[in-house]
Amino acid sequence: AKVVAGAQSLGPMLNLRLAQPQVLVDITALPELTRAEQVGDDLVLGPCVTAGAIEDGRAGAPGLDMLPAVAAGISYRAVRNRGTIGGSLCHADPAADWVSVLPALGAACEIAGPAGSRTVPAAAFMTAPFETVLGPGEILRAIRIPRPRPGARWGYGKFSRKTGKFAMAIGAVLNDPARGILRAVLGATEGRPIVVERAETIVPGAGAIDEAQVSGLLDRAGIRDASAQQLHIAALRRAAAMAFPA
């Protein structure tokens with residue numbers, strides 16, 4: 001059986017016979033999985049919250065304006081109306097937006113299964129292209145996103161061949177001085193995103209990038225083509241320009 005939450009990624013795979021589960025279990029209507037609520041300093045989103053709900057501000061994300069801004073740039077509105085944040089995360093396509101955005105925000109993933117519950121950082125949830133830490137019988141139950149402090153800034157850069165297509169390169173930066181956080185993420189790397197928890201050396205300021213260090217990170221991730229590296233560097237530079245005060 002295959003759990004379905006939106007099916008905007010699984011549907012095309014079924015059409016192409018890349019996935020052939022015997023049974024589909026649609027969980028998108030379960031109230032426990034469509035909640036969006038404030039718990040302490042965190043925003044807790046059910047995995048079946050749609051990108052459209054996040055884009056429209058119906059997911060209760062004040063102070064987390066990175067979420068609706070990124071949601072608005074995902075594919076097309078028809079897809080955003082059905083596609084879910086948890087479905088995208090569990091599908092684990094390296095070029096998808098949420099697999100890079102949630103690690104940039106320091107989110108955590110709550111997992112439920114036959115052996116009980118556990119929590120893993122969003123940065124560790126994806127293990128390889130289209131593979132995650134979910135074990136047999138486990139599902140993603142919630143995504144917990146800490147709210148940045150007042151004065152925090154974020155940046156997000158993405159290159160796609162055309163609007164609505166998957167990214168060729170992603171750069172994300174969270175600059176939250178009150179919490180001592182400067183985090184950078186390189187996404188769409190053909191593997192799990194590259195997360196740099198202390199990014200002061202590679203992102204020293206607005207629009208400033210240490211290209212040599214970023215190239216080294218990309219090289220170790222298997223991206224050695226010069227043009228591909230320049231796309232990722234440019235995406236990260238755009239994100240850095242947004243993440244620092246003018």
# chains A, B, ... in the order shown; residues from 1 in each chain; ligands from 1
call {"tool": "residues_around", "arguments": {"residues": "Ala96 of chain A", "least_positions_apart": "3", "cutoff": "10 Å", "atoms": "only C-alpha atoms", "output": "PyMOL selection string"}}
result
chain A and resi 74-75+88-89+91-93+99-101+165-168+170+187-188
call {"tool": "closest_atom_pairs", "arguments": {"of": "segment 53-84 of chain A", "to": "segment 5-18 of chain A", "cutoff": "7 Å", "atoms": "only C-alpha atoms", "output": "Markdown table"}}
result
| residue | atom | partner | partner_atom | distance |
| --- | --- | --- | --- | --- |
| A:Val79 | CA | A:Gln8 | CA | 6.5 |
| A:Arg82 | CA | A:Gly6 | CA | 5.1 |
| A:Gly83 | CA | A:Gly6 | CA | 4.6 |
| A:Thr84 | CA | A:Gly6 | CA | 5.6 |
call {"tool": "closest_residue", "arguments": {"among": "A:Ala234, A:Ala78, A:Val203, A:Leu182", "to": "Lys158 of chain A", "atoms": "only C-alpha atoms"}}
result
A:Ala234
call {"tool": "closest_residue", "arguments": {"among": "A:Gly180, A:Pro146, A:Gly60, A:Gly164", "to": "Arg80 of chain A", "atoms": "only C-alpha atoms"}}
result
A:Gly164
call {"tool": "atom_distance", "arguments": {"atom1": "atom CA of Pro177 of chain A", "atom2": "atom CA of Leu105 of chain A"}}
result
13.6 Å
call {"tool": "closest_residue", "arguments": {"among": "A:Leu236, A:Cys48, A:Ala178, A:Ala95", "to": "Leu140 of chain A", "atoms": "only C-alpha atoms"}}
result
A:Cys48
call {"tool": "residues_around", "arguments": {"residues": "Arg192 of chain A", "least_positions_apart": "2", "cutoff": "8 Å", "atoms": "only C-alpha atoms", "output": "PyMOL selection string"}}
result
chain A and resi 94+126-129+187+189-190+194
call {"tool": "write_last_selection", "arguments": {"atoms": "N, CA and C atoms", "output": "PDB file, in the first residue's frame"}}
result
ATOM      1  N   PRO A  94      14.596  15.872  -4.893  1.00  0.00           N
ATOM      2  CA  PRO A  94      15.617  16.860  -4.539  1.00  0.00           C
ATOM      3  C   PRO A  94      15.321  18.254  -5.066  1.00  0.00           C
ATOM      4  N   MET A 126      15.135  13.578   4.700  1.00  0.00           N
ATOM      5  CA  MET A 126      15.449  12.997   3.392  1.00  0.00           C
ATOM      6  C   MET A 126      16.826  12.369   3.461  1.00  0.00           C
ATOM      7  N   THR A 127      16.939  11.128   3.031  1.00  0.00           N
ATOM      8  CA  THR A 127      18.215  10.428   3.092  1.00  0.00           C
ATOM      9  C   THR A 127      18.892  10.306   1.727  1.00  0.00           C
ATOM     10  N   ALA A 128      18.096  10.344   0.656  1.00  0.00           N
ATOM     11  CA  ALA A 128      18.591  10.212  -0.713  1.00  0.00           C
ATOM     12  C   ALA A 128      17.439  10.610  -1.628  1.00  0.00           C
ATOM     13  N   PRO A 129      17.673  10.759  -2.922  1.00  0.00           N
ATOM     14  CA  PRO A 129      16.569  11.081  -3.815  1.00  0.00           C
ATOM     15  C   PRO A 129      15.418  10.078  -3.676  1.00  0.00           C
ATOM     16  N   GLY A 187      19.894  23.671  -2.411  1.00  0.00           N
ATOM     17  CA  GLY A 187      18.950  22.624  -2.788  1.00  0.00           C
ATOM     18  C   GLY A 187      18.983  22.332  -4.277  1.00  0.00           C
ATOM     19  N   THR A 189      20.136  19.617  -5.588  1.00  0.00           N
ATOM     20  CA  THR A 189      21.506  19.145  -5.794  1.00  0.00           C
ATOM     21  C   THR A 189      21.567  17.728  -6.361  1.00  0.00           C
ATOM     22  N   GLU A 190      20.429  17.162  -6.755  1.00  0.00           N
ATOM     23  CA  GLU A 190      20.324  15.780  -7.221  1.00  0.00           C
ATOM     24  C   GLU A 190      20.452  14.792  -6.072  1.00  0.00           C
ATOM     25  N   ILE A 194      22.092  20.434   0.857  1.00  0.00           N
ATOM     26  CA  ILE A 194      23.282  20.734   1.654  1.00  0.00           C
ATOM     27  C   ILE A 194      22.895  21.800   2.670  1.00  0.00           C
TER      28      ILE A 194
END
call {"tool": "select_by_dssp", "arguments": {"residues": "segment 37-178 of chain A", "states": "strand (DSSP E)", "output": "ChimeraX atom specification"}}
result
/A:37-39,42-45,108-113,116-121,126-128,131-132,139-146,153-160,167-176
call {"tool": "closest_residue", "arguments": {"among": "A:Pro121, A:Asn175, A:Ala72, A:Ile145", "to": "Val39 of chain A", "atoms": "only C-alpha atoms"}}
result
A:Ile145
call {"tool": "closest_residue", "arguments": {"among": "A:Leu33, A:Ala235, A:Ile209, A:Ala59", "to": "Tyr156 of chain A", "atoms": "only C-alpha atoms"}}
result
A:Ala235
